[in-house]
file data.cif (mmCIF, N, CA and C atoms)
data_query
#
loop_
_atom_site.group_PDB
_atom_site.id
_atom_site.type_symbol
_atom_site.label_atom_id
_atom_site.label_comp_id
_atom_site.auth_asym_id
_atom_site.auth_seq_id
_atom_site.Cartn_x
_atom_site.Cartn_y
_atom_site.Cartn_z
ATOM 1 N N MET A 62 91.150 138.288 195.651
ATOM 2 C CA MET A 62 91.780 139.488 196.160
ATOM 3 C C MET A 62 93.269 139.437 195.844
ATOM 4 N N THR A 63 93.802 140.521 195.336
ATOM 5 C CA THR A 63 95.225 140.587 195.038
ATOM 6 C C THR A 63 95.919 141.454 196.076
ATOM 7 N N THR A 64 97.163 141.118 196.335
ATOM 8 C CA THR A 64 97.938 141.928 197.268
ATOM 9 C C THR A 64 98.889 142.810 196.471
ATOM 10 N N VAL A 65 99.090 143.991 196.951
ATOM 11 C CA VAL A 65 99.969 144.946 196.294
ATOM 12 C C VAL A 65 101.209 145.109 197.153
ATOM 13 N N SER A 66 102.362 144.855 196.550
ATOM 14 C CA SER A 66 103.596 145.045 197.304
ATOM 15 C C SER A 66 103.975 146.520 197.265
ATOM 16 N N PRO A 67 104.653 146.997 198.284
ATOM 17 C CA PRO A 67 105.032 148.416 198.294
ATOM 18 C C PRO A 67 105.978 148.727 197.142
ATOM 19 N N SER A 68 105.838 149.890 196.585
ATOM 20 C CA SER A 68 106.705 150.296 195.486
ATOM 21 C C SER A 68 108.111 150.538 196.003
ATOM 22 N N THR A 69 109.072 150.165 195.193
ATOM 23 C CA THR A 69 110.465 150.365 195.563
ATOM 24 C C THR A 69 111.178 151.147 194.468
ATOM 25 N N SER A 70 112.253 151.784 194.848
ATOM 26 C CA SER A 70 113.033 152.565 193.885
ATOM 27 C C SER A 70 113.603 151.627 192.828
ATOM 28 N N ARG A 71 113.679 152.140 191.598
ATOM 29 C CA ARG A 71 114.211 151.335 190.507
ATOM 30 C C ARG A 71 114.811 152.262 189.459
ATOM 31 N N ALA A 72 115.701 151.699 188.657
ATOM 32 C CA ALA A 72 116.400 152.506 187.661
ATOM 33 C C ALA A 72 116.340 151.840 186.297
ATOM 34 N N VAL A 73 116.298 152.658 185.262
ATOM 35 C CA VAL A 73 116.311 152.168 183.886
ATOM 36 C C VAL A 73 117.385 152.907 183.092
ATOM 37 N N MET A 74 117.927 152.231 182.086
ATOM 38 C CA MET A 74 118.915 152.828 181.206
ATOM 39 C C MET A 74 118.195 153.262 179.935
ATOM 40 N N ARG A 75 118.404 154.501 179.535
ATOM 41 C CA ARG A 75 117.772 155.044 178.335
ATOM 42 C C ARG A 75 118.779 155.902 177.577
ATOM 43 N N GLY A 76 118.539 156.065 176.293
ATOM 44 C CA GLY A 76 119.333 156.998 175.509
ATOM 45 C C GLY A 76 118.963 158.413 175.906
ATOM 46 N N VAL A 77 119.870 159.330 175.686
ATOM 47 C CA VAL A 77 119.605 160.735 175.981
ATOM 48 C C VAL A 77 118.879 161.330 174.778
ATOM 49 N N ASP A 78 117.722 161.915 175.004
ATOM 50 C CA ASP A 78 116.931 162.504 173.933
ATOM 51 C C ASP A 78 117.410 163.913 173.614
ATOM 52 N N PRO A 79 117.325 164.299 172.329
ATOM 53 C CA PRO A 79 117.680 165.677 171.980
ATOM 54 C C PRO A 79 116.785 166.663 172.742
ATOM 55 N N GLY A 80 117.375 167.700 173.266
ATOM 56 C CA GLY A 80 116.604 168.722 173.965
ATOM 57 C C GLY A 80 116.298 168.420 175.421
ATOM 58 N N SER A 81 116.699 167.245 175.905
ATOM 59 C CA SER A 81 116.416 166.943 177.311
ATOM 60 C C SER A 81 117.279 167.823 178.208
ATOM 61 N N ILE A 82 116.703 168.244 179.303
ATOM 62 C CA ILE A 82 117.407 169.120 180.237
ATOM 63 C C ILE A 82 117.360 168.477 181.618
ATOM 64 N N SER A 83 118.459 167.857 182.006
ATOM 65 C CA SER A 83 118.528 167.276 183.339
ATOM 66 C C SER A 83 119.976 167.297 183.796
ATOM 67 N N ASP A 84 120.147 167.290 185.106
ATOM 68 C CA ASP A 84 121.474 167.298 185.704
ATOM 69 C C ASP A 84 121.713 165.975 186.407
ATOM 70 N N CYS A 85 122.937 165.518 186.375
ATOM 71 C CA CYS A 85 123.319 164.261 187.016
ATOM 72 C C CYS A 85 123.279 164.420 188.537
ATOM 73 N N ALA A 86 122.682 163.454 189.221
ATOM 74 C CA ALA A 86 122.570 163.490 190.684
ATOM 75 C C ALA A 86 123.917 163.285 191.367
ATOM 76 N N VAL A 87 124.917 162.769 190.649
ATOM 77 C CA VAL A 87 126.226 162.533 191.246
ATOM 78 C C VAL A 87 127.170 163.701 190.999
ATOM 79 N N CYS A 88 127.379 164.060 189.728
ATOM 80 C CA CYS A 88 128.369 165.099 189.402
ATOM 81 C C CYS A 88 127.748 166.481 189.193
ATOM 82 N N ALA A 89 126.426 166.564 189.124
ATOM 83 C CA ALA A 89 125.675 167.809 188.965
ATOM 84 C C ALA A 89 125.875 168.485 187.605
ATOM 85 N N LYS A 90 126.522 167.809 186.654
ATOM 86 C CA LYS A 90 126.691 168.360 185.313
ATOM 87 C C LYS A 90 125.492 167.990 184.454
ATOM 88 N N HIS A 91 125.252 168.799 183.401
ATOM 89 C CA HIS A 91 124.148 168.516 182.492
ATOM 90 C C HIS A 91 124.359 167.182 181.782
ATOM 91 N N ILE A 92 123.274 166.480 181.564
ATOM 92 C CA ILE A 92 123.297 165.268 180.750
ATOM 93 C C ILE A 92 122.927 165.712 179.347
ATOM 94 N N ARG A 93 123.873 165.650 178.442
ATOM 95 C CA ARG A 93 123.693 166.238 177.111
ATOM 96 C C ARG A 93 123.580 165.180 176.022
ATOM 97 N N PHE A 94 122.752 165.490 175.032
ATOM 98 C CA PHE A 94 122.602 164.663 173.844
ATOM 99 C C PHE A 94 123.784 164.911 172.918
ATOM 100 N N SER A 95 124.240 163.872 172.260
ATOM 101 C CA SER A 95 125.277 163.996 171.238
ATOM 102 C C SER A 95 124.982 162.959 170.162
ATOM 103 N N ALA A 96 124.763 163.406 168.949
ATOM 104 C CA ALA A 96 124.436 162.484 167.857
ATOM 105 C C ALA A 96 125.606 161.549 167.549
ATOM 106 N N LYS A 97 126.828 162.032 167.712
ATOM 107 C CA LYS A 97 127.999 161.209 167.395
ATOM 108 C C LYS A 97 128.274 160.145 168.450
ATOM 109 N N LEU A 98 128.120 160.495 169.715
ATOM 110 C CA LEU A 98 128.492 159.584 170.804
ATOM 111 C C LEU A 98 127.365 158.671 171.276
ATOM 112 N N ARG A 99 126.127 159.081 171.051
ATOM 113 C CA ARG A 99 124.950 158.316 171.506
ATOM 114 C C ARG A 99 125.024 157.982 172.997
ATOM 115 N N PRO A 100 125.107 158.988 173.859
ATOM 116 C CA PRO A 100 125.219 158.730 175.301
ATOM 117 C C PRO A 100 123.937 158.111 175.868
ATOM 118 N N ARG A 101 124.107 157.423 176.980
ATOM 119 C CA ARG A 101 122.960 156.851 177.690
ATOM 120 C C ARG A 101 122.922 157.453 179.091
ATOM 121 N N GLN A 102 121.734 157.437 179.669
ATOM 122 C CA GLN A 102 121.555 157.958 181.016
ATOM 123 C C GLN A 102 120.764 156.948 181.836
ATOM 124 N N VAL A 103 120.887 157.064 183.130
ATOM 125 C CA VAL A 103 120.091 156.249 184.045
ATOM 126 C C VAL A 103 119.024 157.158 184.636
ATOM 127 N N ILE A 104 117.793 156.692 184.592
ATOM 128 C CA ILE A 104 116.670 157.421 185.165
ATOM 129 C C ILE A 104 116.119 156.565 186.296
ATOM 130 N N ALA A 105 116.053 157.131 187.496
ATOM 131 C CA ALA A 105 115.601 156.377 188.672
ATOM 132 C C ALA A 105 114.348 156.996 189.262
ATOM 133 N N ASN A 106 113.333 156.176 189.457
ATOM 134 C CA ASN A 106 112.152 156.577 190.213
ATOM 135 C C ASN A 106 112.456 156.251 191.665
ATOM 136 N N VAL A 107 112.407 157.251 192.518
ATOM 137 C CA VAL A 107 112.793 157.075 193.919
ATOM 138 C C VAL A 107 111.548 157.059 194.796
ATOM 139 N N TYR A 108 111.413 155.975 195.536
ATOM 140 C CA TYR A 108 110.300 155.804 196.471
ATOM 141 C C TYR A 108 110.846 155.788 197.891
ATOM 142 N N GLU A 109 110.131 156.396 198.808
ATOM 143 C CA GLU A 109 110.465 156.355 200.229
ATOM 144 C C GLU A 109 109.219 155.959 200.992
ATOM 145 N N ASP A 110 109.345 154.966 201.840
ATOM 146 C CA ASP A 110 108.210 154.423 202.596
ATOM 147 C C ASP A 110 107.069 154.024 201.661
ATOM 148 N N GLY A 111 107.425 153.460 200.490
ATOM 149 C CA GLY A 111 106.422 152.979 199.549
ATOM 150 C C GLY A 111 105.721 154.056 198.751
ATOM 151 N N LYS A 112 106.162 155.314 198.893
ATOM 152 C CA LYS A 112 105.531 156.419 198.171
ATOM 153 C C LYS A 112 106.548 157.078 197.250
ATOM 154 N N TRP A 113 106.101 157.383 196.022
ATOM 155 C CA TRP A 113 106.984 158.033 195.053
ATOM 156 C C TRP A 113 107.360 159.412 195.554
ATOM 157 N N GLN A 114 108.673 159.744 195.447
ATOM 158 C CA GLN A 114 109.161 161.036 195.911
ATOM 159 C C GLN A 114 109.718 161.913 194.786
ATOM 160 N N ARG A 115 110.513 161.288 193.887
ATOM 161 C CA ARG A 115 111.177 162.095 192.855
ATOM 162 C C ARG A 115 111.786 161.188 191.784
ATOM 163 N N VAL A 116 112.279 161.843 190.727
ATOM 164 C CA VAL A 116 113.038 161.169 189.683
ATOM 165 C C VAL A 116 114.455 161.722 189.741
ATOM 166 N N GLU A 117 115.443 160.845 189.673
ATOM 167 C CA GLU A 117 116.839 161.266 189.641
ATOM 168 C C GLU A 117 117.465 160.794 188.338
ATOM 169 N N TYR A 118 118.361 161.616 187.792
ATOM 170 C CA TYR A 118 119.031 161.318 186.533
ATOM 171 C C TYR A 118 120.523 161.179 186.788
ATOM 172 N N PHE A 119 121.162 160.274 186.041
ATOM 173 C CA PHE A 119 122.586 160.021 186.190
ATOM 174 C C PHE A 119 123.217 159.808 184.822
ATOM 175 N N HIS A 120 124.470 160.250 184.660
ATOM 176 C CA HIS A 120 125.265 159.776 183.533
ATOM 177 C C HIS A 120 125.462 158.276 183.770
ATOM 178 N N GLU A 121 125.564 157.520 182.714
ATOM 179 C CA GLU A 121 125.766 156.075 182.863
ATOM 180 C C GLU A 121 126.988 155.779 183.744
ATOM 181 N N GLU A 122 128.080 156.482 183.515
ATOM 182 C CA GLU A 122 129.308 156.254 184.278
ATOM 183 C C GLU A 122 129.153 156.664 185.743
ATOM 184 N N CYS A 123 128.474 157.766 185.984
ATOM 185 C CA CYS A 123 128.289 158.252 187.360
ATOM 186 C C CYS A 123 127.446 157.278 188.183
ATOM 187 N N TYR A 124 126.469 156.652 187.543
ATOM 188 C CA TYR A 124 125.632 155.688 188.261
ATOM 189 C C TYR A 124 126.489 154.512 188.744
ATOM 190 N N GLN A 125 127.412 154.077 187.908
ATOM 191 C CA GLN A 125 128.300 152.979 188.308
ATOM 192 C C GLN A 125 129.260 153.434 189.399
ATOM 193 N N ILE A 126 129.782 154.656 189.282
ATOM 194 C CA ILE A 126 130.682 155.195 190.311
ATOM 195 C C ILE A 126 129.972 155.272 191.658
ATOM 196 N N ALA A 127 128.678 155.575 191.638
ATOM 197 C CA ALA A 127 127.889 155.681 192.871
ATOM 198 C C ALA A 127 127.438 154.301 193.376
ATOM 199 N N ASN A 128 127.947 153.223 192.757
ATOM 200 C CA ASN A 128 127.601 151.845 193.150
ATOM 201 C C ASN A 128 126.128 151.528 192.980
ATOM 202 N N ALA A 129 125.539 152.006 191.878
ATOM 203 C CA ALA A 129 124.164 151.685 191.500
ATOM 204 C C ALA A 129 123.199 151.802 192.693
ATOM 205 N N PRO A 130 122.987 153.016 193.205
ATOM 206 C CA PRO A 130 122.193 153.191 194.426
ATOM 207 C C PRO A 130 120.752 152.689 194.339
ATOM 208 N N TYR A 131 120.210 152.543 193.134
ATOM 209 C CA TYR A 131 118.831 152.046 192.990
ATOM 210 C C TYR A 131 118.785 150.706 192.283
ATOM 211 N N GLY A 132 119.858 149.939 192.401
ATOM 212 C CA GLY A 132 119.904 148.595 191.854
ATOM 213 C C GLY A 132 120.352 148.557 190.405
ATOM 214 N N ASN A 133 120.408 147.343 189.877
ATOM 215 C CA ASN A 133 120.786 147.156 188.479
ATOM 216 C C ASN A 133 119.749 147.811 187.590
ATOM 217 N N THR A 134 120.220 148.359 186.480
ATOM 218 C CA THR A 134 119.314 149.040 185.559
ATOM 219 C C THR A 134 118.581 148.039 184.685
ATOM 220 N N GLN A 135 117.365 148.419 184.345
ATOM 221 C CA GLN A 135 116.557 147.657 183.399
ATOM 222 C C GLN A 135 116.582 148.408 182.084
ATOM 223 N N SER A 136 116.469 147.698 180.990
ATOM 224 C CA SER A 136 116.452 148.367 179.680
ATOM 225 C C SER A 136 115.053 148.693 179.258
#

call {"tool": "encode", "arguments": {"input": "data.cif", "output": "structure tokens"}}
result
Amino acid sequence: MTTVSPSTSRAVMRGVDPGSISDCAVCAKHIRFSAKLRPRQVIANVYEDGKWQRVEYFHEECYQIANAPYGNTQS
């Protein structure tokens, strides 16, 4: 028998894909693709009481300004 630990919120760092439409949870501005700058975004799966609730998106800089609310990012 295996035990399942409750799911917890976690964040990953990803490149911004062309055509993606999302707003930053901190500054509320669009997260935009740029071929020249190659921006990255943080995508967080948010769980409450062990149940998935939502996905939040952040500019890489905004996530750091917010003190990494969902922990260190994974690549």

call {"tool": "resolve_selection", "arguments": {"input": "data.cif", "expression": "the PyMOL selection byres ((chain A and resi 94) around 6.5)", "output": "list in words"}}
result
Val77, Asp78, Pro79, Gly80, Ser81, Ile92, Arg93, Ser95, Ala96 and Pro100 of chain A

call {"tool": "residues_around", "arguments": {"input": "data.cif", "residues": "region 109-123 of chain A", "least_positions_apart": "6", "cutoff": "6 Å", "atoms": "only C-alpha atoms", "output": "VMD selection string"}}
result
chain A and resid 67 to 68 85 to 86 101 to 103

call {"tool": "residues_around", "arguments": {"input": "data.cif", "residues": "Gly132 (chain A)", "least_positions_apart": "6", "cutoff": "7 Å", "atoms": "all atoms listed in the file", "output": "list in words"}}
result
Ser70, Arg71 and Ala72 of chain A

call {"tool": "atom_distance", "arguments": {"input": "data.cif", "atom1": "atom C of Tyr131 (chain A)", "atom2": "atom C of Lys97 (chain A)"}}
result
27.3 Å

call {"tool": "select_by_dssp", "arguments": {"input": "data.cif", "residues": "region 82-135 of chain A", "states": "alpha helix (DSSP H)", "output": "list in words"}}
result
Glu121, Glu122, Cys123, Tyr124, Gln125 and Ile126 of chain A
